[in-house]
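Student: Got a file for you: upload-v8.cif, mmCIF, C-alpha atoms.
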```
data_target
loop_
_atom_site.label_atom_id
_atom_site.label_comp_id
_atom_site.auth_asym_id
_atom_site.auth_seq_id
_atom_site.Cartn_x
_atom_site.Cartn_y
_atom_site.Cartn_z
CA MET A 56 89.39 -91.62 -37.62
CA ARG A 57 87.62 -88.56 -36.25
CA ASP A 58 87.90 -87.53 -32.60
CA ALA A 59 86.12 -84.31 -31.84
CA ALA A 60 83.66 -82.79 -29.40
CA PRO A 61 80.20 -82.10 -30.79
CA ALA A 62 78.72 -78.68 -31.37
CA ALA A 63 76.61 -77.19 -28.58
CA THR A 64 73.21 -78.83 -28.11
CA SER A 65 70.89 -79.41 -25.18
CA THR A 66 70.68 -83.20 -25.53
CA ALA A 67 73.25 -85.77 -26.64
CA VAL A 68 72.55 -89.44 -27.37
CA ILE A 69 75.66 -91.52 -26.65
CA SER A 70 76.09 -94.99 -28.17
CA LEU A 71 78.88 -97.54 -27.92
CA CYS A 72 79.53 -99.62 -31.02
CA SER A 73 81.84 -102.14 -32.63
CA THR A 74 81.73 -103.89 -36.00
CA PRO A 75 79.16 -106.61 -35.10
CA ARG A 76 76.60 -103.94 -34.15
CA VAL A 77 77.03 -101.48 -37.04
CA GLY A 78 73.81 -102.57 -38.73
CA HIS A 79 71.86 -102.09 -35.52
CA LEU A 80 73.49 -98.70 -35.01
CA ARG A 81 72.44 -97.55 -38.47
CA ASN A 82 68.82 -98.29 -37.51
CA GLN A 83 69.26 -96.27 -34.34
CA LEU A 84 70.80 -93.30 -36.17
CA ALA A 85 67.96 -93.39 -38.70
CA ALA A 86 65.40 -93.26 -35.87
CA LEU A 87 67.16 -90.20 -34.44
CA ALA A 88 67.61 -88.44 -37.79
CA GLY A 89 65.92 -85.09 -38.12
CA GLY A 90 65.77 -84.51 -34.39
CA SER A 91 67.51 -81.85 -32.39
CA VAL A 92 69.82 -84.18 -30.48
CA SER A 93 73.55 -84.51 -30.94
CA ARG A 94 74.54 -88.10 -31.75
CA ILE A 95 77.84 -89.32 -30.32
CA VAL A 96 79.20 -92.74 -31.25
CA VAL A 97 82.04 -94.19 -29.20
CA TRP A 98 83.85 -96.83 -31.23
CA VAL A 99 85.12 -99.58 -28.93
CA GLY A 100 86.50 -102.02 -31.52
CA ASP A 101 90.10 -102.33 -32.65
CA ASP A 102 89.32 -101.55 -36.30
CA ASP A 103 88.49 -98.31 -38.13
CA PRO A 104 84.80 -97.70 -38.93
CA SER A 105 85.69 -95.50 -41.90
CA ASP A 106 82.33 -96.09 -43.60
CA LEU A 107 80.21 -95.22 -40.57
CA ASP A 108 78.34 -91.99 -41.17
CA ALA A 109 78.12 -90.79 -37.57
CA GLU A 110 77.74 -87.17 -36.57
CA HIS A 111 80.42 -87.30 -33.88
CA LEU A 112 82.76 -90.26 -33.61
CA ILE A 113 85.32 -90.83 -30.89
CA TYR A 114 87.54 -93.84 -30.33
CA VAL A 115 88.24 -95.86 -27.17
CA PRO A 116 90.38 -98.87 -28.17
CA PRO A 117 90.21 -102.19 -26.32
CA GLY A 118 92.42 -102.69 -23.30
CA ARG A 119 94.45 -105.64 -22.14
CA HIS A 120 91.33 -107.57 -21.15
CA GLY A 121 88.97 -106.58 -23.93
CA LEU A 122 86.43 -103.86 -24.66
CA ARG A 123 86.63 -100.88 -22.33
CA LEU A 124 82.92 -100.24 -21.99
CA ALA A 125 83.21 -98.25 -18.76
CA ALA A 126 85.91 -96.01 -20.22
CA ALA A 127 83.87 -95.59 -23.41
CA ARG A 128 80.79 -94.38 -21.56
CA ASN A 129 82.92 -91.93 -19.60
CA ALA A 130 84.52 -90.66 -22.80
CA GLY A 131 81.13 -90.24 -24.47
CA ALA A 132 79.75 -88.31 -21.51
CA ASN A 133 82.79 -86.05 -21.35
CA ALA A 134 82.58 -85.32 -25.08
CA ALA A 135 78.89 -84.48 -24.78
CA ILE A 136 79.45 -82.14 -21.86
CA ASP A 137 82.40 -80.48 -23.61
CA GLY A 138 80.02 -79.82 -26.49
CA GLY A 139 77.49 -78.13 -24.22
CA ALA A 140 74.96 -80.93 -23.70
CA GLN A 141 72.76 -80.53 -20.65
CA LEU A 142 71.07 -83.94 -20.94
CA LEU A 143 72.99 -87.16 -21.62
CA VAL A 144 71.06 -90.12 -23.03
CA PHE A 145 72.96 -93.41 -23.16
CA LEU A 146 71.55 -95.90 -25.67
CA ASP A 147 73.38 -99.07 -26.68
CA ALA A 148 74.05 -99.48 -30.40
CA ASP A 149 71.61 -102.39 -30.68
CA CYS A 150 68.72 -100.35 -29.27
CA VAL A 151 66.28 -98.22 -31.26
CA PRO A 152 64.61 -95.35 -29.40
CA GLY A 153 60.86 -95.12 -29.27
CA PRO A 154 59.50 -91.87 -30.71
CA ASP A 155 59.01 -90.42 -27.20
CA LEU A 156 62.20 -91.67 -25.56
CA VAL A 157 64.13 -88.41 -25.71
CA LEU A 158 61.04 -86.35 -24.85
CA ARG A 159 60.20 -88.50 -21.82
CA TYR A 160 63.79 -88.47 -20.57
CA ALA A 161 63.94 -84.68 -21.01
CA ALA A 162 60.71 -84.17 -19.07
CA ALA A 163 61.90 -86.48 -16.29
CA ALA A 164 65.26 -84.69 -16.13
CA ALA A 165 63.51 -81.34 -15.78
CA ALA A 166 61.56 -82.71 -12.82
CA ARG A 167 64.43 -84.74 -11.32
CA PRO A 168 67.73 -83.11 -12.37
CA ASP A 169 69.51 -84.92 -9.53
CA ALA A 170 68.55 -88.42 -10.64
CA VAL A 171 69.67 -91.18 -12.99
CA LEU A 172 66.72 -92.04 -15.23
CA CYS A 173 65.81 -95.45 -16.67
CA GLY A 174 63.10 -96.22 -19.23
CA PRO A 175 61.53 -99.60 -20.07
CA VAL A 176 63.18 -101.90 -22.61
CA THR A 177 61.44 -104.25 -25.04
CA TYR A 178 63.45 -107.16 -26.47
CA LEU A 179 62.33 -107.57 -30.08
CA PRO A 180 62.02 -110.89 -31.90
CA PRO A 181 64.02 -111.67 -35.06
CA GLY A 182 62.88 -109.74 -38.11
CA ALA A 183 60.97 -107.07 -36.21
CA ASP A 184 60.28 -103.87 -38.15
CA VAL A 185 62.21 -101.04 -36.48
CA SER A 186 61.75 -98.52 -39.29
CA ARG A 187 58.25 -97.31 -38.35
CA PRO A 188 57.15 -95.85 -35.00
CA SER A 189 53.77 -97.55 -35.37
CA ALA A 190 55.46 -100.96 -35.71
CA LEU A 191 57.56 -100.30 -32.63
CA ALA A 192 54.49 -99.27 -30.67
CA ALA A 193 52.73 -102.49 -31.67
CA SER A 194 55.76 -104.50 -30.48
CA THR A 195 55.99 -102.82 -27.07
CA ARG A 196 56.34 -105.45 -24.35
CA PRO A 197 58.68 -104.12 -21.65
CA HIS A 198 60.88 -106.66 -19.94
CA PRO A 199 58.92 -107.84 -16.89
CA ALA A 200 61.93 -107.84 -14.56
CA ARG A 201 61.86 -104.05 -14.21
CA PRO A 202 59.24 -101.45 -13.27
CA ASP A 203 57.20 -99.94 -16.11
CA PRO A 204 55.33 -96.88 -14.82
CA PRO A 205 52.46 -95.43 -16.88
CA ALA A 206 53.54 -93.05 -19.64
CA THR A 207 54.34 -89.51 -18.47
CA THR A 208 54.83 -90.72 -14.89
CA CYS A 209 57.98 -91.54 -12.90
CA ARG A 210 58.73 -93.61 -9.83
CA THR A 211 61.77 -93.47 -7.59
CA ALA A 212 63.50 -96.83 -7.25
CA THR A 213 63.71 -98.61 -3.93
CA ASP A 214 67.13 -99.56 -2.59
CA GLY A 215 66.58 -103.12 -3.77
CA GLU A 216 65.83 -101.99 -7.32
CA TYR A 217 69.25 -100.44 -7.96
CA ALA A 218 70.42 -103.92 -9.00
CA LEU A 219 67.95 -103.64 -11.92
CA PHE A 220 69.84 -100.77 -13.51
CA TRP A 221 70.75 -101.62 -17.12
CA SER A 222 73.16 -99.40 -19.01
CA LEU A 223 71.58 -100.09 -22.41
CA SER A 224 69.14 -97.18 -21.93
CA PHE A 225 69.45 -94.47 -19.28
CA ALA A 226 69.77 -90.72 -19.00
CA LEU A 227 70.84 -87.99 -16.60
CA THR A 228 71.67 -84.31 -16.60
CA ALA A 229 75.22 -83.17 -17.15
CA LEU A 230 75.20 -81.84 -13.59
CA ALA A 231 74.08 -85.19 -12.21
CA TRP A 232 76.83 -86.93 -14.20
CA THR A 233 79.45 -84.87 -12.35
CA THR A 234 78.17 -86.24 -9.04
CA THR A 235 78.49 -89.91 -10.06
CA ASP A 236 82.26 -90.20 -10.67
CA GLY A 237 81.31 -92.06 -13.86
CA PHE A 238 81.88 -95.75 -14.50
CA ASP A 239 84.80 -97.59 -12.91
CA GLU A 240 87.34 -98.01 -15.71
CA GLY A 241 88.95 -100.92 -13.88
CA TYR A 242 86.25 -103.09 -15.44
CA GLU A 243 87.30 -104.35 -18.86
CA GLY A 244 85.56 -106.83 -21.10
CA TYR A 245 81.98 -107.91 -20.51
CA GLY A 246 79.94 -107.65 -17.33
CA GLY A 247 79.63 -105.98 -13.97
CA GLU A 248 80.45 -102.34 -14.66
CA ASP A 249 76.82 -101.22 -14.88
CA THR A 250 75.77 -102.89 -11.62
CA ASP A 251 78.83 -101.40 -9.93
CA PHE A 252 77.79 -97.97 -11.23
CA ALA A 253 74.29 -98.45 -9.81
CA PHE A 254 75.58 -99.59 -6.43
CA ARG A 255 77.80 -96.52 -6.24
CA LEU A 256 74.76 -94.37 -7.02
CA ARG A 257 72.94 -95.99 -4.12
CA SER A 258 75.85 -95.62 -1.72
CA SER A 259 76.13 -91.92 -2.65
CA GLY A 260 72.42 -91.28 -2.22
CA ILE A 261 71.84 -90.47 -5.91
CA PRO A 262 68.23 -91.31 -6.85
CA LEU A 263 67.40 -93.85 -9.54
CA VAL A 264 64.09 -93.08 -11.23
CA TRP A 265 61.96 -95.29 -13.50
CA VAL A 266 60.58 -93.22 -16.41
CA GLY A 267 57.29 -94.28 -17.95
CA GLY A 268 57.02 -94.00 -21.71
CA ALA A 269 60.77 -93.70 -22.41
CA HIS A 270 60.69 -96.90 -24.43
CA ALA A 271 63.80 -98.43 -25.99
CA TYR A 272 63.68 -101.46 -28.29
CA HIS A 273 66.53 -103.96 -28.23
CA GLN A 274 67.10 -105.39 -31.71
CA HIS A 275 67.52 -109.14 -31.89
CA HIS A 276 70.96 -110.70 -32.32
CA ASP A 277 72.34 -114.11 -31.50
CA THR A 278 73.46 -114.63 -27.91
CA GLN A 279 74.60 -117.45 -25.67
CA SER A 280 73.22 -118.10 -22.20
CA PRO A 281 75.36 -118.28 -20.24
CA PRO A 282 77.75 -116.21 -22.40
CA TRP A 283 80.64 -118.65 -22.67
CA GLN A 284 82.64 -116.29 -24.86
CA HIS A 285 82.79 -113.86 -21.92
CA LEU A 286 83.52 -116.36 -19.14
CA ASP A 287 86.92 -114.93 -18.22
CA ASP A 288 85.63 -111.35 -18.37
CA ILE A 289 82.67 -112.19 -16.15
CA LEU A 290 84.82 -114.06 -13.64
CA ARG A 291 87.43 -111.29 -13.45
CA ASN A 292 84.88 -108.50 -13.17
CA ALA A 293 82.80 -110.44 -10.64
CA VAL A 294 85.87 -110.76 -8.41
CA ARG A 295 86.44 -106.99 -8.67
CA PHE A 296 82.79 -106.32 -7.83
CA HIS A 297 82.86 -108.69 -4.85
CA GLY A 298 85.99 -107.03 -3.50
CA ARG A 299 84.15 -103.71 -3.36
CA TRP A 300 80.63 -104.72 -2.37
CA GLY A 301 81.01 -108.03 -0.55
CA GLU A 302 78.51 -109.80 -2.79
CA TRP A 303 78.60 -111.49 -6.17
CA PRO A 304 77.02 -110.01 -9.28
CA MET A 305 75.81 -111.99 -12.29
CA THR A 306 74.97 -114.94 -10.03
CA GLY A 307 72.82 -116.67 -12.64
CA TRP A 308 75.74 -116.88 -15.03
CA LEU A 309 78.24 -117.82 -12.31
CA ASP A 310 75.94 -120.63 -11.17
CA ALA A 311 75.60 -121.87 -14.76
CA PHE A 312 79.39 -121.87 -15.24
CA ALA A 313 79.78 -123.71 -11.94
CA ASP A 314 77.14 -126.30 -12.90
CA ALA A 315 79.16 -126.92 -16.08
CA ARG A 316 82.33 -127.27 -13.94
CA ALA A 317 84.03 -124.39 -15.75
CA ILE A 318 84.57 -122.50 -12.49
CA GLU A 319 84.85 -123.65 -8.90
CA TRP A 320 84.53 -122.20 -5.42
CA ASP A 321 87.77 -122.25 -3.43
CA GLY A 322 86.14 -121.30 -0.15
CA GLN A 323 86.50 -117.55 -0.68
CA ARG A 324 86.03 -116.80 -4.36
CA TRP A 325 85.17 -118.21 -7.77
CA THR A 326 88.13 -119.32 -9.88
CA ARG A 327 88.69 -121.12 -13.16
CA ALA A 328 88.26 -124.86 -12.74
CA ALA A 329 91.29 -127.09 -12.79
CA PRO A 330 92.49 -128.27 -16.23
CA GLY A 331 90.46 -131.17 -17.53
CA ALA A 332 87.11 -129.95 -16.23
CA ASP A 333 84.16 -130.37 -18.56
CA THR A 334 83.36 -127.18 -20.47
CA PRO A 335 81.36 -126.60 -23.65
#
```
Translate the structure described by the file into structure tokens.
Tutor:
Amino acid sequence: MRDAAPAATSTAVISLCSTPRVGHLRNQLAALAGGSVSRIVVWVGDDDPSDLDAEHLIYVPPGRHGLRLAAARNAGANAAIDGGAQLLVFLDADCVPGPDLVLRYAAAAAARPDAVLCGPVTYLPPGADVSRPSALAASTRPHPARPDPPATTCRTATDGEYALFWSLSFALTALAWTTTDGFDEGYEGYGGEDTDFAFRLRSSGIPLVWVGGAHAYHQHHDTQSPPWQHLDDILRNAVRFHGRWGEWPMTGWLDAFADARAIEWDGQRWTRAAPGADTP
């Protein structure tokens, strides 16, 4: 398995991937082919992606509690900066960039080099064509939960909007990255590390900026709601988050687990329900 810093370039696109998302990643790499960006893939699975034709591949194996997504993003950023990147674009493996995503992030970074930048995300239906920019443009329907400024414009987030930060598509300058302290690597498995990152941005006074026209397209794959396969990860990471911020993240999922009697409130925190509770 390769583990090397990329050659010098002004922009690096950093993606986290494991075996279930390889097909999605190939679509992403195809959309970026021919551009001037450096493409860094951080492999977070416990197997060897020997057939993955990635430009720069580094490896962050799972930890005791599962995938180390926070550590993987930090490793990808450090590799990009070591290779000379001045702009870091984080794009999850299951996301395809719109044709103007890198351009819009670069323009926003030039205007706001101190900020963390977030573009709109469209969740695509099954079978959507991701191979043609015109098809992506026709499918553009940004998720309504987050701001979607007009193309070529930006808007600084309010304090209350930091909770809307999603790590599946964001960007910042290398200099801004050094002011963030990165993601908290104490989070392992699924959930919480991106909201924690955003809250630390807010507490440090680092601006969060919504970038119009930096569209990313999330490719469809099967999911569960709530994500039962990640219950223990979510519970553990939620407790860590609460210990730092005094509030609970992922409340919709926690409420759903509680309604199903999989977790219970002991007066101070959420815990696994007693043996014999009804769970799916």
Student: For the structure provided, state which residues fall under the PyMOL selection byres ((chain A and resi 238) around 9), and present them as a PyMOL selection string.
Tutor: chain A and resi 124-126+128-129+235-237+239-242+248-249+251-252
Student: Given the file shown, enumerate the residues that the PyMOL selection byres ((chain A and resi 112) around 7) captures and present them as a list in words.
Tutor: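 After applying the PyMOL selection byres ((chain A and resi 112) around 7), what remains is Arg57, Asp58, Ile95, Val96, Val97, Ala109, Glu110, His111, Ile113 and Tyr114 of chain A.
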Student: Which residues would end up in the selection if the PyMOL selection byres ((chain A and resi 328) around 6) were applied here, given that I need the answer as a PyMOL selection string?
Tutor: chain A and resi 317-319+327+329
Student: Between A:Arg94, A:Arg123, A:His275, A:Arg167, which one has atoms that come closest to Ala140 in chain A, using all atoms listed in the file?
Tutor: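 Counting all atoms listed in the file, the residue closest to Ala140 in chain A is A:Arg94.
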Student: From the options A:Asp169, A:Asp155, A:Asp288, A:Asp149, which residue's atoms come nearest to Ile261 in chain A, counting only C-alpha atoms?
Tutor: A:Asp169
Student: Check the smallest atom-to-atom distance from each of A:Arg187, A:His276, A:Arg210, A:Arg295 to Ala166 in chain A using only C-alpha atoms, then report the winner.
Tutor: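 Checking each candidate against Ala166 in chain A, we get A:Arg210 as the closest.
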Student: Work out how far apart CA of Asp102 in chain A and CA of Trp283 in chain A are and give it in Å to one decimal.
Tutor: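 Rounded to one decimal, the two atoms are 23.5 Å apart.
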Student: Quick one: residues within 8 Å of Ala148 in chain A, all atoms listed in the file counted, chain neighbours fewer than 6 positions away excluded, as a list in words?
Tutor: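 Residues near the query, excluding close chain neighbours: Ser70, Leu71, Cys72, Arg76, Val77, His79, Leu80 and Gln83 of chain A.
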Student: Which residues come within 12 Å of Tyr160 in chain A, counting all atoms listed in the file, excluding same-chain residues fewer than 5 positions away, as number ranges by chain?
Tutor: A: 66-68, 141-146, 152-155, 165-168, 170-175, 206-209, 224-228, 264-271
Student: Restrict the selected residues to C-alpha atoms and save them as a JSON list (two decimals), keeping the file's coordinate frame.
Tutor:
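And here is the file that came out, result23.json:
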```json
[["chain", "number", "residue", "atom", "x", "y", "z"],
["A", 66, "THR", "CA", 70.68, -83.20, -25.53],
["A", 67, "ALA", "CA", 73.25, -85.77, -26.64],
["A", 68, "VAL", "CA", 72.55, -89.44, -27.37],
["A", 141, "GLN", "CA", 72.76, -80.53, -20.65],
["A", 142, "LEU", "CA", 71.07, -83.94, -20.94],
["A", 143, "LEU", "CA", 72.99, -87.16, -21.62],
["A", 144, "VAL", "CA", 71.06, -90.12, -23.03],
["A", 145, "PHE", "CA", 72.96, -93.41, -23.16],
["A", 146, "LEU", "CA", 71.55, -95.90, -25.67],
["A", 152, "PRO", "CA", 64.61, -95.35, -29.40],
["A", 153, "GLY", "CA", 60.86, -95.12, -29.27],
["A", 154, "PRO", "CA", 59.50, -91.87, -30.71],
["A", 155, "ASP", "CA", 59.01, -90.42, -27.20],
["A", 165, "ALA", "CA", 63.51, -81.34, -15.78],
["A", 166, "ALA", "CA", 61.56, -82.71, -12.82],
["A", 167, "ARG", "CA", 64.43, -84.74, -11.32],
["A", 168, "PRO", "CA", 67.73, -83.11, -12.37],
["A", 170, "ALA", "CA", 68.55, -88.42, -10.64],
["A", 171, "VAL", "CA", 69.67, -91.18, -12.99],
["A", 172, "LEU", "CA", 66.72, -92.04, -15.23],
["A", 173, "CYS", "CA", 65.81, -95.45, -16.67],
["A", 174, "GLY", "CA", 63.10, -96.22, -19.23],
["A", 175, "PRO", "CA", 61.53, -99.60, -20.07],
["A", 206, "ALA", "CA", 53.54, -93.05, -19.64],
["A", 207, "THR", "CA", 54.34, -89.51, -18.47],
["A", 208, "THR", "CA", 54.83, -90.72, -14.89],
["A", 209, "CYS", "CA", 57.98, -91.54, -12.90],
["A", 224, "SER", "CA", 69.14, -97.18, -21.93],
["A", 225, "PHE", "CA", 69.45, -94.47, -19.28],
["A", 226, "ALA", "CA", 69.77, -90.72, -19.00],
["A", 227, "LEU", "CA", 70.84, -87.99, -16.60],
["A", 228, "THR", "CA", 71.67, -84.31, -16.60],
["A", 264, "VAL", "CA", 64.09, -93.08, -11.23],
["A", 265, "TRP", "CA", 61.96, -95.29, -13.50],
["A", 266, "VAL", "CA", 60.58, -93.22, -16.41],
["A", 267, "GLY", "CA", 57.29, -94.28, -17.95],
["A", 268, "GLY", "CA", 57.02, -94.00, -21.71],
["A", 269, "ALA", "CA", 60.77, -93.70, -22.41],
["A", 270, "HIS", "CA", 60.69, -96.90, -24.43],
["A", 271, "ALA", "CA", 63.80, -98.43, -25.99]]
```
Student: Identify which of the residues A:Ala164, A:Leu290, A:Pro199, A:Gly322 lies closest to Pro262 in chain A, counting all atoms listed in the file when measuring atom-to-atom distances.
Tutor: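 Going through A:Ala164, A:Leu290, A:Pro199, A:Gly322 one by one, the smallest distance to Pro262 in chain A is for A:Ala164.
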Student: Would you mind listing what lies within 8 Å of Gly100 in chain A as a VMD selection string, with only C-alpha atoms counted and same-chain residues fewer than 6 positions away left out?
Tutor: chain A and resid 72 to 74 115 to 117 122
Student: Would you please work out which residue, of A:Trp300, A:Gly90, A:Ser65, A:Asp214, is nearest to Ala161 in chain A when using only C-alpha atoms?
Tutor: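 When distances to Ala161 in chain A are compared using only C-alpha atoms, the smallest one comes from A:Ser65.
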Student: In Å, with one decimal, what is the gap from CA of Asp203 in chain A to CA of Asn82 in chain A?
Tutor: 24.4 Å
Student: Quick one, how far is CA of His198 in chain A from CA of Tyr178 in chain A?
Tutor: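 CA of Tyr178 in chain A lies 7.0 Å from CA of His198 in chain A.
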Student: Place N, CA and C atoms on range 134-162 of chain A and deliver the coordinates as a PDB file, keeping the file's coordinate frame.
Tutor:
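After the write, selection23.pdb holds the following:
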```pdb
ATOM      1  N   ALA A 134      82.677 -85.989 -23.789  1.00  0.00           N
ATOM      2  CA  ALA A 134      82.580 -85.320 -25.080  1.00  0.00           C
ATOM      3  C   ALA A 134      81.272 -84.545 -25.197  1.00  0.00           C
ATOM      4  N   ALA A 135      80.187 -85.153 -24.716  1.00  0.00           N
ATOM      5  CA  ALA A 135      78.890 -84.480 -24.780  1.00  0.00           C
ATOM      6  C   ALA A 135      78.887 -83.209 -23.937  1.00  0.00           C
ATOM      7  N   ILE A 136      79.432 -83.306 -22.744  1.00  0.00           N
ATOM      8  CA  ILE A 136      79.450 -82.140 -21.860  1.00  0.00           C
ATOM      9  C   ILE A 136      80.365 -81.060 -22.421  1.00  0.00           C
ATOM     10  N   ASP A 137      81.510 -81.459 -22.973  1.00  0.00           N
ATOM     11  CA  ASP A 137      82.400 -80.480 -23.610  1.00  0.00           C
ATOM     12  C   ASP A 137      81.694 -79.746 -24.743  1.00  0.00           C
ATOM     13  N   GLY A 138      80.762 -80.427 -25.401  1.00  0.00           N
ATOM     14  CA  GLY A 138      80.020 -79.820 -26.490  1.00  0.00           C
ATOM     15  C   GLY A 138      78.813 -79.020 -26.037  1.00  0.00           C
ATOM     16  N   GLY A 139      78.579 -78.950 -24.737  1.00  0.00           N
ATOM     17  CA  GLY A 139      77.490 -78.130 -24.220  1.00  0.00           C
ATOM     18  C   GLY A 139      76.214 -78.858 -23.909  1.00  0.00           C
ATOM     19  N   ALA A 140      76.193 -80.196 -23.980  1.00  0.00           N
ATOM     20  CA  ALA A 140      74.960 -80.930 -23.700  1.00  0.00           C
ATOM     21  C   ALA A 140      74.578 -80.790 -22.236  1.00  0.00           C
ATOM     22  N   GLN A 141      73.292 -80.610 -22.008  1.00  0.00           N
ATOM     23  CA  GLN A 141      72.760 -80.530 -20.650  1.00  0.00           C
ATOM     24  C   GLN A 141      72.072 -81.829 -20.230  1.00  0.00           C
ATOM     25  N   LEU A 142      71.675 -82.642 -21.207  1.00  0.00           N
ATOM     26  CA  LEU A 142      71.070 -83.940 -20.940  1.00  0.00           C
ATOM     27  C   LEU A 142      71.826 -85.001 -21.711  1.00  0.00           C
ATOM     28  N   LEU A 143      72.257 -86.055 -21.011  1.00  0.00           N
ATOM     29  CA  LEU A 143      72.990 -87.160 -21.620  1.00  0.00           C
ATOM     30  C   LEU A 143      72.064 -88.375 -21.652  1.00  0.00           C
ATOM     31  N   VAL A 144      71.863 -88.913 -22.854  1.00  0.00           N
ATOM     32  CA  VAL A 144      71.060 -90.120 -23.030  1.00  0.00           C
ATOM     33  C   VAL A 144      71.973 -91.219 -23.545  1.00  0.00           C
ATOM     34  N   PHE A 145      72.138 -92.274 -22.769  1.00  0.00           N
ATOM     35  CA  PHE A 145      72.960 -93.410 -23.160  1.00  0.00           C
ATOM     36  C   PHE A 145      72.049 -94.485 -23.754  1.00  0.00           C
ATOM     37  N   LEU A 146      72.376 -94.917 -24.975  1.00  0.00           N
ATOM     38  CA  LEU A 146      71.550 -95.900 -25.670  1.00  0.00           C
ATOM     39  C   LEU A 146      72.487 -96.841 -26.414  1.00  0.00           C
ATOM     40  N   ASP A 147      72.488 -98.119 -26.029  1.00  0.00           N
ATOM     41  CA  ASP A 147      73.380 -99.070 -26.680  1.00  0.00           C
ATOM     42  C   ASP A 147      73.115 -99.131 -28.175  1.00  0.00           C
ATOM     43  N   ALA A 148      74.143 -99.488 -28.940  1.00  0.00           N
ATOM     44  CA  ALA A 148      74.050 -99.480 -30.400  1.00  0.00           C
ATOM     45  C   ALA A 148      72.962-100.398 -30.916  1.00  0.00           C
ATOM     46  N   ASP A 149      72.633-101.453 -30.183  1.00  0.00           N
ATOM     47  CA  ASP A 149      71.610-102.390 -30.680  1.00  0.00           C
ATOM     48  C   ASP A 149      70.199-102.008 -30.238  1.00  0.00           C
ATOM     49  N   CYS A 150      70.035-100.813 -29.692  1.00  0.00           N
ATOM     50  CA  CYS A 150      68.720-100.350 -29.270  1.00  0.00           C
ATOM     51  C   CYS A 150      68.221 -99.230 -30.174  1.00  0.00           C
ATOM     52  N   VAL A 151      66.950 -99.283 -30.514  1.00  0.00           N
ATOM     53  CA  VAL A 151      66.280 -98.220 -31.260  1.00  0.00           C
ATOM     54  C   VAL A 151      65.392 -97.452 -30.293  1.00  0.00           C
ATOM     55  N   PRO A 152      65.456 -96.119 -30.316  1.00  0.00           N
ATOM     56  CA  PRO A 152      64.610 -95.350 -29.400  1.00  0.00           C
ATOM     57  C   PRO A 152      63.168 -95.310 -29.871  1.00  0.00           C
ATOM     58  N   GLY A 153      62.238 -95.413 -28.940  1.00  0.00           N
ATOM     59  CA  GLY A 153      60.860 -95.120 -29.270  1.00  0.00           C
ATOM     60  C   GLY A 153      60.717 -93.647 -29.599  1.00  0.00           C
ATOM     61  N   PRO A 154      59.650 -93.252 -30.275  1.00  0.00           N
ATOM     62  CA  PRO A 154      59.500 -91.870 -30.710  1.00  0.00           C
ATOM     63  C   PRO A 154      59.457 -90.868 -29.563  1.00  0.00           C
ATOM     64  N   ASP A 155      59.101 -91.329 -28.347  1.00  0.00           N
ATOM     65  CA  ASP A 155      59.010 -90.420 -27.200  1.00  0.00           C
ATOM     66  C   ASP A 155      60.148 -90.586 -26.214  1.00  0.00           C
ATOM     67  N   LEU A 156      61.145 -91.410 -26.543  1.00  0.00           N
ATOM     68  CA  LEU A 156      62.200 -91.670 -25.560  1.00  0.00           C
ATOM     69  C   LEU A 156      62.907 -90.402 -25.131  1.00  0.00           C
ATOM     70  N   VAL A 157      63.395 -89.617 -26.074  1.00  0.00           N
ATOM     71  CA  VAL A 157      64.130 -88.410 -25.710  1.00  0.00           C
ATOM     72  C   VAL A 157      63.215 -87.426 -24.989  1.00  0.00           C
ATOM     73  N   LEU A 158      62.001 -87.266 -25.475  1.00  0.00           N
ATOM     74  CA  LEU A 158      61.040 -86.350 -24.850  1.00  0.00           C
ATOM     75  C   LEU A 158      60.746 -86.750 -23.412  1.00  0.00           C
ATOM     76  N   ARG A 159      60.519 -88.038 -23.176  1.00  0.00           N
ATOM     77  CA  ARG A 159      60.200 -88.500 -21.820  1.00  0.00           C
ATOM     78  C   ARG A 159      61.409 -88.352 -20.893  1.00  0.00           C
ATOM     79  N   TYR A 160      62.605 -88.663 -21.389  1.00  0.00           N
ATOM     80  CA  TYR A 160      63.790 -88.470 -20.570  1.00  0.00           C
ATOM     81  C   TYR A 160      63.998 -86.984 -20.253  1.00  0.00           C
ATOM     82  N   ALA A 161      63.758 -86.118 -21.238  1.00  0.00           N
ATOM     83  CA  ALA A 161      63.940 -84.680 -21.010  1.00  0.00           C
ATOM     84  C   ALA A 161      62.954 -84.166 -19.968  1.00  0.00           C
ATOM     85  N   ALA A 162      61.703 -84.604 -20.043  1.00  0.00           N
ATOM     86  CA  ALA A 162      60.710 -84.170 -19.070  1.00  0.00           C
ATOM     87  C   ALA A 162      61.061 -84.675 -17.668  1.00  0.00           C
TER      88      ALA A 162
END
```
